[in-house]
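One structure below.
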Amino acid sequence: MRRDSHGSLNPACRALLAVVAALAVVPAATGMPPCPESRPMLPLVAGTRWVYRGMVVSTVIDEDHVHVIRGVHRWSMDVRKVEHEGDVTVAVVEGFPGELDWYQPGVQKRNKFVVVAREHHGFHMVDDLDACQFATWRQSCLGRWNVQYMPFMLPGILKVGRAFGGDENAHLRPDKWYQWHIEDVRCVQLRGVAGLDPGRLWRQYRVAYRTIPGHVLIYFVPGLGITRYVYDHHGTPASTDVRLIAIRHKVVSDRKVGVARRAPR
């Protein structure tokens with residue numbers, strides 16, 4: 001993970017950001033009907049864009065001077081290219097929110113990742129493009145389902161308590177640290193997100209990767225994607241907390257049924 005942000009916030013800005021964050025994800029009221037889980041798990045269609053906004057804190061070294069900087073950042077993640085074969089979809093995605101971790105002014109850029117998604121098997125993001133190149137993905141990506149990739153992966157069946165990926169011996173740990181772990185699921189309304197119906201109910205999972213030096217929390221909605229990304233370093237000040245504020249959809253083609261339908265709204 002990488003480096004962080006510039007510009008400090010005055011108290012009024014901090015208060016405003018706290019209000020926006022509180023309204024961004026509102027748990028569904030008691031008595032509301034259960035929310036369905038949408039598919040496909042990710043809207044991997046070229047042109048799809050997720051826009052995030054939130055606080056980023058980092059410790060940086062500038063000419064031998066160590067100081068903490070913080071500020072509100074806007075970040076986007078885009079689907080650039082997509083190809084299909086059978087039940088496999090492979091896409092080039094640019095701008096994973098985790099790139100804001102340890103953000104440094106003037107240094108950070110959006111990197112490209114290969115996302116390999118397979119119906120009923122979930123998906124994983126590959127940040128080593130030498131190991132899984134989009135141009136030759138049929139040869140370099142398809143046989144890699146048992147390899148534990150970072151920065152993010154999810155199985156096809158989501159269930160609270162399930163753990164996967166991570167360090168080689170992480171499955172032996174009773175605390176489920178050093179591996180991805182589905183910690184919680186809630187039925188929520190995503191208010192204030194441009195491109196979404198504020199009254200719709202979504203099933204949102206909290207997926208964690210916890211270690212001694214730090215932790216990552218990814219709030220994920222099947223059929224929509226990442227709605228919030230959190231990183232917190234437990235030592236030197238460094239943190240990221242960005243929430244989805246807008247999404248741009250494209251038409252998703254349901255190849256199995258042969259029907260064109262809109263991506264979930």
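To be explicit about the labels: the chains of the structure tokens are called A, B, and onward in the order shown, and within each one the residues are counted from 1, while ligands get numbers from 1 in the order they are shown.
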
Exercise. Any idea what's packed within 6 Å of Met77 of chain A, counting only C-alpha atoms, ignoring anything in its chain fewer than 3 positions away? Could you give it as number ranges by chain?
Worked result: A: 49-50, 94-96

Segment 35-104 of chain A residues near segment 215-229 of chain A within 12 Å, closest pair each, using only C-alpha atoms, as JSON lines:
{"residue": "A:Cys35", "atom": "CA", "partner": "A:Val221", "partner_atom": "CA", "distance": 10.9}
{"residue": "A:Pro36", "atom": "CA", "partner": "A:Pro222", "partner_atom": "CA", "distance": 9.4}
{"residue": "A:Glu37", "atom": "CA", "partner": "A:Pro222", "partner_atom": "CA", "distance": 6.1}
{"residue": "A:Ser38", "atom": "CA", "partner": "A:Gly223", "partner_atom": "CA", "distance": 4.6}
{"residue": "A:Arg39", "atom": "CA", "partner": "A:Gly223", "partner_atom": "CA", "distance": 4.9}
{"residue": "A:Pro40", "atom": "CA", "partner": "A:Gly223", "partner_atom": "CA", "distance": 5.4}
{"residue": "A:Met41", "atom": "CA", "partner": "A:Pro222", "partner_atom": "CA", "distance": 4.5}
{"residue": "A:Leu42", "atom": "CA", "partner": "A:Gly223", "partner_atom": "CA", "distance": 5.2}
{"residue": "A:Pro43", "atom": "CA", "partner": "A:Gly223", "partner_atom": "CA", "distance": 6.2}
{"residue": "A:Leu44", "atom": "CA", "partner": "A:Gly225", "partner_atom": "CA", "distance": 9.6}
{"residue": "A:Val45", "atom": "CA", "partner": "A:Leu224", "partner_atom": "CA", "distance": 11.7}
{"residue": "A:Thr48", "atom": "CA", "partner": "A:Leu224", "partner_atom": "CA", "distance": 10.4}
{"residue": "A:Arg49", "atom": "CA", "partner": "A:Gly225", "partner_atom": "CA", "distance": 10.4}
{"residue": "A:Trp50", "atom": "CA", "partner": "A:Ile226", "partner_atom": "CA", "distance": 8.4}
{"residue": "A:Val51", "atom": "CA", "partner": "A:Thr227", "partner_atom": "CA", "distance": 9.5}
{"residue": "A:Tyr52", "atom": "CA", "partner": "A:Arg228", "partner_atom": "CA", "distance": 8.0}
{"residue": "A:Arg53", "atom": "CA", "partner": "A:Arg228", "partner_atom": "CA", "distance": 9.3}
{"residue": "A:Gly54", "atom": "CA", "partner": "A:Tyr229", "partner_atom": "CA", "distance": 9.4}
{"residue": "A:Met55", "atom": "CA", "partner": "A:Tyr229", "partner_atom": "CA", "distance": 10.7}
{"residue": "A:Val56", "atom": "CA", "partner": "A:Tyr229", "partner_atom": "CA", "distance": 11.0}
{"residue": "A:Trp75", "atom": "CA", "partner": "A:Tyr229", "partner_atom": "CA", "distance": 11.3}
{"residue": "A:Ser76", "atom": "CA", "partner": "A:Ile226", "partner_atom": "CA", "distance": 11.5}
{"residue": "A:Met77", "atom": "CA", "partner": "A:Ile226", "partner_atom": "CA", "distance": 10.0}
{"residue": "A:Asp78", "atom": "CA", "partner": "A:Gly225", "partner_atom": "CA", "distance": 11.7}
{"residue": "A:Val79", "atom": "CA", "partner": "A:Gly225", "partner_atom": "CA", "distance": 11.9}
{"residue": "A:Phe96", "atom": "CA", "partner": "A:Tyr229", "partner_atom": "CA", "distance": 9.6}
{"residue": "A:Pro97", "atom": "CA", "partner": "A:Tyr229", "partner_atom": "CA", "distance": 6.7}
{"residue": "A:Gly98", "atom": "CA", "partner": "A:Tyr229", "partner_atom": "CA", "distance": 7.3}
{"residue": "A:Glu99", "atom": "CA", "partner": "A:Tyr229", "partner_atom": "CA", "distance": 10.6}
{"residue": "A:Leu100", "atom": "CA", "partner": "A:Tyr229", "partner_atom": "CA", "distance": 9.9}
{"residue": "A:Asp101", "atom": "CA", "partner": "A:Val216", "partner_atom": "CA", "distance": 10.0}

Problem set entry | strand (DSSP E) per DSSP on the backbone: members of segment 32-236 of chain A, as an MDAnalysis selection string | chainID A and resid 49:62 65:85 88:94 112:118 122:126 153:154 163:164 180:190 201:210 214:221 225:233

For this session: Quick one: everything within 6 Å of Met125 of chain A, counting only C-alpha atoms, minus sequence neighbours fewer than 2 positions away in the same chain. Send it as a PyMOL selection string.
Result: chain A and resi 114-115+152

For this session: Figure out the distance between atom CA of Ala238 of chain A and atom CA of Leu154 of chain A, please, to one decimal in Å.
Result: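 Distance between the two atoms: 25.4 Å.
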
Exercise. Just how far from atom CA of Ile182 of chain A is atom CA of Leu201 of chain A, in Å to one decimal?
Worked result: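 These two atoms are separated by 19.7 Å.
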
For this session: Determine which residues of segment 18-113 of chain A DSSP labels as helix (DSSP H, G or I) from the backbone of this structure, then write them out as an MDAnalysis selection string.
Result: chainID A and resid 18:24 97:100

Keeping only N, CA, C and O atoms, write the selected residues to a file as a PDB file, in the first residue's frame.
ATOM      1  N   ALA A  18     -18.016  14.780   8.750  1.00  0.00           N
ATOM      2  CA  ALA A  18     -18.612  13.799   9.655  1.00  0.00           C
ATOM      3  C   ALA A  18     -20.096  13.623   9.367  1.00  0.00           C
ATOM      4  O   ALA A  18     -20.619  12.509   9.401  1.00  0.00           O
ATOM      5  N   VAL A  19     -20.780  14.723   9.056  1.00  0.00           N
ATOM      6  CA  VAL A  19     -22.205  14.644   8.735  1.00  0.00           C
ATOM      7  C   VAL A  19     -22.422  13.872   7.447  1.00  0.00           C
ATOM      8  O   VAL A  19     -23.289  12.996   7.355  1.00  0.00           O
ATOM      9  N   VAL A  20     -21.606  14.162   6.419  1.00  0.00           N
ATOM     10  CA  VAL A  20     -21.727  13.463   5.134  1.00  0.00           C
ATOM     11  C   VAL A  20     -21.486  11.977   5.311  1.00  0.00           C
ATOM     12  O   VAL A  20     -22.208  11.133   4.780  1.00  0.00           O
ATOM     13  N   ALA A  21     -20.466  11.629   6.094  1.00  0.00           N
ATOM     14  CA  ALA A  21     -20.155  10.214   6.318  1.00  0.00           C
ATOM     15  C   ALA A  21     -21.295   9.510   7.030  1.00  0.00           C
ATOM     16  O   ALA A  21     -21.627   8.365   6.733  1.00  0.00           O
ATOM     17  N   ALA A  22     -21.911  10.204   7.994  1.00  0.00           N
ATOM     18  CA  ALA A  22     -23.005   9.583   8.736  1.00  0.00           C
ATOM     19  C   ALA A  22     -24.205   9.310   7.857  1.00  0.00           C
ATOM     20  O   ALA A  22     -24.930   8.334   8.044  1.00  0.00           O
ATOM     21  N   LEU A  23     -24.423  10.161   6.847  1.00  0.00           N
ATOM     22  CA  LEU A  23     -25.584  10.001   5.980  1.00  0.00           C
ATOM     23  C   LEU A  23     -25.331   9.071   4.801  1.00  0.00           C
ATOM     24  O   LEU A  23     -26.255   8.629   4.144  1.00  0.00           O
ATOM     25  N   ALA A  24     -24.062   8.774   4.524  1.00  0.00           N
ATOM     26  CA  ALA A  24     -23.732   8.030   3.310  1.00  0.00           C
ATOM     27  C   ALA A  24     -24.272   6.617   3.331  1.00  0.00           C
ATOM     28  O   ALA A  24     -24.732   6.096   2.322  1.00  0.00           O
ATOM     29  N   PRO A  97      -9.120   1.886  -4.582  1.00  0.00           N
ATOM     30  CA  PRO A  97      -9.039   2.866  -3.496  1.00  0.00           C
ATOM     31  C   PRO A  97      -7.872   2.660  -2.536  1.00  0.00           C
ATOM     32  O   PRO A  97      -7.407   3.608  -1.902  1.00  0.00           O
ATOM     33  N   GLY A  98      -7.392   1.417  -2.418  1.00  0.00           N
ATOM     34  CA  GLY A  98      -6.264   1.142  -1.533  1.00  0.00           C
ATOM     35  C   GLY A  98      -4.993   1.861  -1.919  1.00  0.00           C
ATOM     36  O   GLY A  98      -4.056   1.954  -1.117  1.00  0.00           O
ATOM     37  N   GLU A  99      -4.946   2.404  -3.136  1.00  0.00           N
ATOM     38  CA  GLU A  99      -3.768   3.157  -3.543  1.00  0.00           C
ATOM     39  C   GLU A  99      -3.634   4.481  -2.800  1.00  0.00           C
ATOM     40  O   GLU A  99      -2.592   5.132  -2.851  1.00  0.00           O
ATOM     41  N   LEU A 100      -4.672   4.880  -2.087  1.00  0.00           N
ATOM     42  CA  LEU A 100      -4.597   6.092  -1.275  1.00  0.00           C
ATOM     43  C   LEU A 100      -3.839   5.871   0.028  1.00  0.00           C
ATOM     44  O   LEU A 100      -3.446   6.839   0.685  1.00  0.00           O
TER      45      LEU A 100
END
